[in-house]
Amino acid sequence: RIEELNKTANGNVEAKVVCLFRRRDISANLNTLADSNARDFEEESKQPSMLEQQKHQLKHRELFLSRQFESLPATHIRGKCNVTLLNETDVLTGYLEREDCFFYSLVFDPVQKTLLADQGEIRVGSKYQAEIPDKLDEVDSDSRVQEKLETKVWDPNNQLKDPQIDQFLVVARAVGTFARALDCSSSIRQPSLHMSAAAASRDITLFHAMDTLQKNGYDLAKAMSTLVPQGGPVLCRDEMEEWSASEAMLFEEALEKYGKDFNDIRQDFLPWKSLASVVQFYYMWKTTDRYIQQKRLKAAEADSKLKQVYIPTYPNEVLILIYLR
C-alpha cells in the first residue's frame with residue numbers, strides 16, 4: 001500500500017509502502033493458524049458452500065497486512081489492485097469474480113513471526129445488532145421499569161422559563177470563575193481573569209449547572225445553594241483544563257506516531273492517564289486552535305508531495321502487489 005510518494009535529490013521517485021504478505025511468505029504453522037481463522041469466519045458468517053477449487057483460489061486472494069514500511073523505487077510498481085478488510089457481510093466467492101481483488105483479516109509481524117487479528121475490524125453482522133422487542137398492542141401496557149432502562153437528566157417540561165435558566169447558567173459561570181480564583185492550581189494555569197472566565201464557560205460548567213437544576217427539582221433557590229455549599233464554590237474542570245502543557249505535547253507526539261490508537265497512546269506515552277481521559281481529551285483537543293494549525297500544516301505538506309506518478313504499461317505478470325491509499 002502506497003503511503004506517500006517522495007522525490008529524491010537525484011530526481012528519482014520513491015514510494016513509501018506498507019508491506020502485505022501472501023501465504024507463501026509465512027511459515028507452515030502460521031498457514032495452519034490462517035486456515036483455522038478462515039474456517040471460523042466461514043461458520044460465523046454463514047458462507048455458502050464452496051468447491052475445493054474455490055477454497056484453493058481464495059487462499060491466493062488472501063493477504064496479511066503488516067506494520068512494516070519500505071521505500072521502493074517507483075519503477076518497481078507494476079499495477080494497481082484492490083485490497084479490503086474482510087467483514088462478515090462479504091461473500092468470499094465475490095473476490096473470485098473480480099480481477100485483482102484481494103482481502104485481509106490478519107496482521108503479520110515479520111519480526112515476531114506472529115499472526116493477529118486486525119484492530120480495525122468492522123463490527124457488522126448479526127452479533128452486533130440490537131435485539132428489537134415485539135411491538136406492543138394498543139391495549140397492552142409497557143411493564144418494563146423505565147428507571148432501569150435510562151436515566152433522566154433533563155425535563156423540558158419544567159416550571160422554569162428560558163430566561164430564568166439562562167440567568168442561572170450565567171450565575172454558574174460566575175461561580176466557576178470565582179472558584180478558579182480561589183484555587184491555587186487554577187491560578188497557575190489561568191493567570192488572567194479572562195482565561196479563568198473562558199475556562200468557566202466550557203461545557204463542563206453548563207452540564208453541572210443543568211444537572212444541579214434537575215437534581216433540585218428546578219427550584220432556583222435550592223440549586224443556587226448547591227452551587228455554593230458550605231465548603232466554598234464548586235469547581236468543575238474537564239480534561240482540557242486538567243491536563244498540563246507537557247502532557248498535551250506528549251499526546252500530540254503520540255497521536256502523530258500511532259494515530260487514533262488510544263490504547264497504544266496511553267500505554268507508551270501517558271500510562272498515568274485512564275483510557276477514558278485520553279479519549280475525552282482527544283475530542284476536546286480537536287476544538288482548539290492547536291488542532292486547526294496542525295491540520296493546516298498537514299494539508300500544506302500533503303499538497304507539496306507527489307500525488308501521482310506515471311506507470312508505463314507492463315505485461316500481466318504483476319511482480320509486486322501495491323495499491324493506492
# chains A, B, ... in the order shown; residues from 1 in each chain; ligands from 1
>>> select_by_dssp(residues="region 107-298 of chain A", states="strand (DSSP E or B)", output="list in words")
Val107, Phe108, Asp109, Thr114, Leu115, Leu116 and Ala117 of chain A
>>> write_last_selection(atoms="C-alpha atoms", output="compact mmCIF listing (two decimals), in the first residue's frame")
# COMPACT_ATOMS: atom_id res chain seq x y z
CA VAL A 107 -1.86 -8.86 10.61
CA PHE A 108 1.55 -10.48 10.15
CA ASP A 109 4.53 -9.39 12.23
CA THR A 114 3.03 -13.89 14.54
CA LEU A 115 -0.46 -13.55 13.11
CA LEU A 116 -3.01 -11.43 14.97
CA ALA A 117 -6.50 -10.15 14.25
>>> residues_around(residues="region 234-236 of chain A", least_positions_apart="6", cutoff="8 Å", atoms="only C-alpha atoms", output="JSON, numbers by chain")
{"A": [175, 176, 179, 180, 200, 204, 205, 208, 227, 228]}
>>> residues_around(residues="Asp118 (chain A)", least_positions_apart="2", cutoff="10 Å", atoms="only C-alpha atoms", output="PyMOL selection string")
chain A and resi 64-66+85-86+104-108+115-116+120-122
>>> residues_around(residues="Asp100 (chain A)", least_positions_apart="6", cutoff="9 Å", atoms="only C-alpha atoms", output="MDAnalysis selection string")
chainID A and resid 61 80:83
>>> write_last_selection(atoms="C-alpha atoms", output="PDB file, in the first residue's frame")
ATOM      1  CA  ARG A  61      -6.586 -13.915  -2.732  1.00  0.00           C
ATOM      2  CA  LYS A  80      -2.899  -1.490  -9.059  1.00  0.00           C
ATOM      3  CA  CYS A  81      -5.181  -3.840  -7.159  1.00  0.00           C
ATOM      4  CA  ASN A  82      -7.941  -3.577  -4.559  1.00  0.00           C
ATOM      5  CA  VAL A  83      -7.324  -4.827  -1.022  1.00  0.00           C
TER       6      VAL A  83
END
>>> atom_distance(atom1="CA of Cys19 (chain A)", atom2="CA of Ile2 (chain A)")
9.1 Å
>>> residues_around(residues="Ser71 (chain A)", least_positions_apart="6", cutoff="12 Å", atoms="only C-alpha atoms", output="list in words")
Arg1, Ile2, Glu3, Glu4, Leu5, Asn6, Lys7, Thr8, Val13, Glu14, Ala15, Lys16, Val17, Val18, Cys19 and Ile77 of chain A
>>> closest_residue(among="A:Glu97, A:Ala34, A:Glu256, A:Lys161", to="Lys298 (chain A)", atoms="only C-alpha atoms")
A:Glu256
>>> residues_around(residues="region 283-293 of chain A", least_positions_apart="5", cutoff="12 Å", atoms="only C-alpha atoms", output="JSON, numbers by chain")
{"A": [202, 203, 204, 238, 239, 240, 241, 242, 243, 245, 248, 249, 251, 252, 255, 256, 260, 262, 276, 277, 278, 298, 299, 300]}
>>> residues_around(residues="Asp35 (chain A)", least_positions_apart="4", cutoff="12 Å", atoms="only C-alpha atoms", output="PDB file with C-alpha atoms, in the first residue's frame")
ATOM      1  CA  ARG A  23       0.532 -17.219   2.302  1.00  0.00           C
ATOM      2  CA  ALA A  28       3.548 -23.583   7.739  1.00  0.00           C
ATOM      3  CA  ASN A  29       2.457 -23.103  11.363  1.00  0.00           C
ATOM      4  CA  LEU A  30       1.076 -19.658  10.584  1.00  0.00           C
ATOM      5  CA  ASN A  31      -0.669 -21.046   7.498  1.00  0.00           C
ATOM      6  CA  ARG A  39     -12.910 -21.848   8.910  1.00  0.00           C
ATOM      7  CA  ASP A  40     -14.162 -19.862  11.898  1.00  0.00           C
ATOM      8  CA  PHE A  41     -15.055 -16.969   9.611  1.00  0.00           C
ATOM      9  CA  GLU A  42     -16.991 -19.234   7.239  1.00  0.00           C
ATOM     10  CA  LYS A  55     -11.244 -22.600  -1.473  1.00  0.00           C
ATOM     11  CA  HIS A  56      -7.819 -23.080  -3.012  1.00  0.00           C
ATOM     12  CA  LEU A  58      -9.324 -17.928  -2.170  1.00  0.00           C
ATOM     13  CA  LYS A  59      -6.050 -18.732  -0.438  1.00  0.00           C
ATOM     14  CA  GLU A  62      -5.827 -13.651   0.988  1.00  0.00           C
ATOM     15  CA  SER A 105      -8.238 -10.145   8.110  1.00  0.00           C
ATOM     16  CA  LEU A 106      -4.992 -10.895   9.959  1.00  0.00           C
ATOM     17  CA  LEU A 115      -0.463 -13.547  13.107  1.00  0.00           C
TER      18      LEU A 115
END
>>> decode(residues="region 129-160 of chain A", atoms="N, CA and C atoms", output="PDB file, in the first residue's frame")
ATOM      1  N   GLN A 129     -25.938  -6.502  16.372  1.00  0.00           N
ATOM      2  CA  GLN A 129     -27.198  -5.798  16.190  1.00  0.00           C
ATOM      3  C   GLN A 129     -28.019  -5.835  17.478  1.00  0.00           C
ATOM      4  N   ALA A 130     -28.751  -4.774  17.724  1.00  0.00           N
ATOM      5  CA  ALA A 130     -29.623  -4.729  18.896  1.00  0.00           C
ATOM      6  C   ALA A 130     -30.832  -5.640  18.672  1.00  0.00           C
ATOM      7  N   GLU A 131     -31.284  -6.251  19.744  1.00  0.00           N
ATOM      8  CA  GLU A 131     -32.477  -7.096  19.661  1.00  0.00           C
ATOM      9  C   GLU A 131     -33.716  -6.222  19.860  1.00  0.00           C
ATOM     10  N   ILE A 132     -34.524  -6.143  18.834  1.00  0.00           N
ATOM     11  CA  ILE A 132     -35.717  -5.290  18.880  1.00  0.00           C
ATOM     12  C   ILE A 132     -36.884  -6.098  19.432  1.00  0.00           C
ATOM     13  N   PRO A 133     -37.474  -5.660  20.543  1.00  0.00           N
ATOM     14  CA  PRO A 133     -38.612  -6.412  21.108  1.00  0.00           C
ATOM     15  C   PRO A 133     -39.847  -6.284  20.218  1.00  0.00           C
ATOM     16  N   ASP A 134     -40.766  -7.198  20.422  1.00  0.00           N
ATOM     17  CA  ASP A 134     -42.013  -7.165  19.649  1.00  0.00           C
ATOM     18  C   ASP A 134     -42.808  -5.903  19.977  1.00  0.00           C
ATOM     19  N   LYS A 135     -43.498  -5.403  18.987  1.00  0.00           N
ATOM     20  CA  LYS A 135     -44.302  -4.198  19.177  1.00  0.00           C
ATOM     21  C   LYS A 135     -45.515  -4.506  20.049  1.00  0.00           C
ATOM     22  N   LEU A 136     -45.756  -3.621  21.020  1.00  0.00           N
ATOM     23  CA  LEU A 136     -46.898  -3.814  21.916  1.00  0.00           C
ATOM     24  C   LEU A 136     -48.202  -3.453  21.207  1.00  0.00           C
ATOM     25  N   ASP A 137     -49.236  -4.197  21.539  1.00  0.00           N
ATOM     26  CA  ASP A 137     -50.564  -3.838  21.030  1.00  0.00           C
ATOM     27  C   ASP A 137     -51.060  -2.593  21.752  1.00  0.00           C
ATOM     28  N   GLU A 138     -52.033  -1.945  21.171  1.00  0.00           N
ATOM     29  CA  GLU A 138     -52.549  -0.709  21.757  1.00  0.00           C
ATOM     30  C   GLU A 138     -53.140  -0.931  23.146  1.00  0.00           C
ATOM     31  N   VAL A 139     -53.648  -2.120  23.389  1.00  0.00           N
ATOM     32  CA  VAL A 139     -54.280  -2.392  24.691  1.00  0.00           C
ATOM     33  C   VAL A 139     -53.258  -2.824  25.741  1.00  0.00           C
ATOM     34  N   ASP A 140     -52.048  -3.191  25.295  1.00  0.00           N
ATOM     35  CA  ASP A 140     -51.022  -3.656  26.235  1.00  0.00           C
ATOM     36  C   ASP A 140     -50.277  -2.477  26.844  1.00  0.00           C
ATOM     37  N   SER A 141     -49.818  -2.671  28.062  1.00  0.00           N
ATOM     38  CA  SER A 141     -49.017  -1.640  28.735  1.00  0.00           C
ATOM     39  C   SER A 141     -47.560  -2.100  28.812  1.00  0.00           C
ATOM     40  N   ASP A 142     -46.671  -1.143  28.863  1.00  0.00           N
ATOM     41  CA  ASP A 142     -45.240  -1.443  28.945  1.00  0.00           C
ATOM     42  C   ASP A 142     -44.886  -1.742  30.397  1.00  0.00           C
ATOM     43  N   SER A 143     -44.543  -2.990  30.668  1.00  0.00           N
ATOM     44  CA  SER A 143     -44.278  -3.416  32.051  1.00  0.00           C
ATOM     45  C   SER A 143     -42.822  -3.197  32.468  1.00  0.00           C
ATOM     46  N   ARG A 144     -41.996  -2.703  31.562  1.00  0.00           N
ATOM     47  CA  ARG A 144     -40.583  -2.508  31.901  1.00  0.00           C
ATOM     48  C   ARG A 144     -40.417  -1.335  32.868  1.00  0.00           C
ATOM     49  N   VAL A 145     -39.418  -1.432  33.729  1.00  0.00           N
ATOM     50  CA  VAL A 145     -39.111  -0.348  34.666  1.00  0.00           C
ATOM     51  C   VAL A 145     -38.228   0.662  33.937  1.00  0.00           C
ATOM     52  N   GLN A 146     -38.793   1.817  33.619  1.00  0.00           N
ATOM     53  CA  GLN A 146     -38.088   2.798  32.800  1.00  0.00           C
ATOM     54  C   GLN A 146     -36.806   3.298  33.462  1.00  0.00           C
ATOM     55  N   GLU A 147     -36.803   3.364  34.810  1.00  0.00           N
ATOM     56  CA  GLU A 147     -35.619   3.864  35.508  1.00  0.00           C
ATOM     57  C   GLU A 147     -34.405   2.969  35.294  1.00  0.00           C
ATOM     58  N   LYS A 148     -34.655   1.676  35.030  1.00  0.00           N
ATOM     59  CA  LYS A 148     -33.545   0.755  34.782  1.00  0.00           C
ATOM     60  C   LYS A 148     -33.053   0.836  33.343  1.00  0.00           C
ATOM     61  N   LEU A 149     -33.881   1.349  32.466  1.00  0.00           N
ATOM     62  CA  LEU A 149     -33.526   1.413  31.051  1.00  0.00           C
ATOM     63  C   LEU A 149     -32.799   2.703  30.695  1.00  0.00           C
ATOM     64  N   GLU A 150     -33.102   3.774  31.400  1.00  0.00           N
ATOM     65  CA  GLU A 150     -32.496   5.060  31.075  1.00  0.00           C
ATOM     66  C   GLU A 150     -32.494   5.962  32.299  1.00  0.00           C
ATOM     67  N   THR A 151     -31.630   6.955  32.266  1.00  0.00           N
ATOM     68  CA  THR A 151     -31.530   7.920  33.359  1.00  0.00           C
ATOM     69  C   THR A 151     -31.959   9.287  32.855  1.00  0.00           C
ATOM     70  N   LYS A 152     -32.926   9.850  33.500  1.00  0.00           N
ATOM     71  CA  LYS A 152     -33.440  11.152  33.083  1.00  0.00           C
ATOM     72  C   LYS A 152     -32.522  12.249  33.614  1.00  0.00           C
ATOM     73  N   VAL A 153     -31.969  13.041  32.707  1.00  0.00           N
ATOM     74  CA  VAL A 153     -31.043  14.099  33.119  1.00  0.00           C
ATOM     75  C   VAL A 153     -31.614  15.495  32.894  1.00  0.00           C
ATOM     76  N   TRP A 154     -32.731  15.593  32.196  1.00  0.00           N
ATOM     77  CA  TRP A 154     -33.329  16.911  31.967  1.00  0.00           C
ATOM     78  C   TRP A 154     -34.801  16.754  31.618  1.00  0.00           C
ATOM     79  N   ASP A 155     -35.605  17.625  32.179  1.00  0.00           N
ATOM     80  CA  ASP A 155     -37.042  17.619  31.904  1.00  0.00           C
ATOM     81  C   ASP A 155     -37.400  18.898  31.152  1.00  0.00           C
ATOM     82  N   PRO A 156     -37.687  18.802  29.865  1.00  0.00           N
ATOM     83  CA  PRO A 156     -38.002  20.018  29.096  1.00  0.00           C
ATOM     84  C   PRO A 156     -39.313  20.671  29.523  1.00  0.00           C
ATOM     85  N   ASN A 157     -40.140  19.926  30.251  1.00  0.00           N
ATOM     86  CA  ASN A 157     -41.430  20.473  30.686  1.00  0.00           C
ATOM     87  C   ASN A 157     -41.368  20.973  32.134  1.00  0.00           C
ATOM     88  N   ASN A 158     -40.218  21.513  32.520  1.00  0.00           N
ATOM     89  CA  ASN A 158     -40.089  22.022  33.892  1.00  0.00           C
ATOM     90  C   ASN A 158     -40.786  23.379  34.024  1.00  0.00           C
ATOM     91  N   GLN A 159     -40.882  23.844  35.286  1.00  0.00           N
ATOM     92  CA  GLN A 159     -41.642  25.073  35.550  1.00  0.00           C
ATOM     93  C   GLN A 159     -40.861  26.351  35.250  1.00  0.00           C
ATOM     94  N   LEU A 160     -39.571  26.233  34.962  1.00  0.00           N
ATOM     95  CA  LEU A 160     -38.763  27.427  34.702  1.00  0.00           C
ATOM     96  C   LEU A 160     -38.916  27.894  33.257  1.00  0.00           C
TER      97      LEU A 160
END
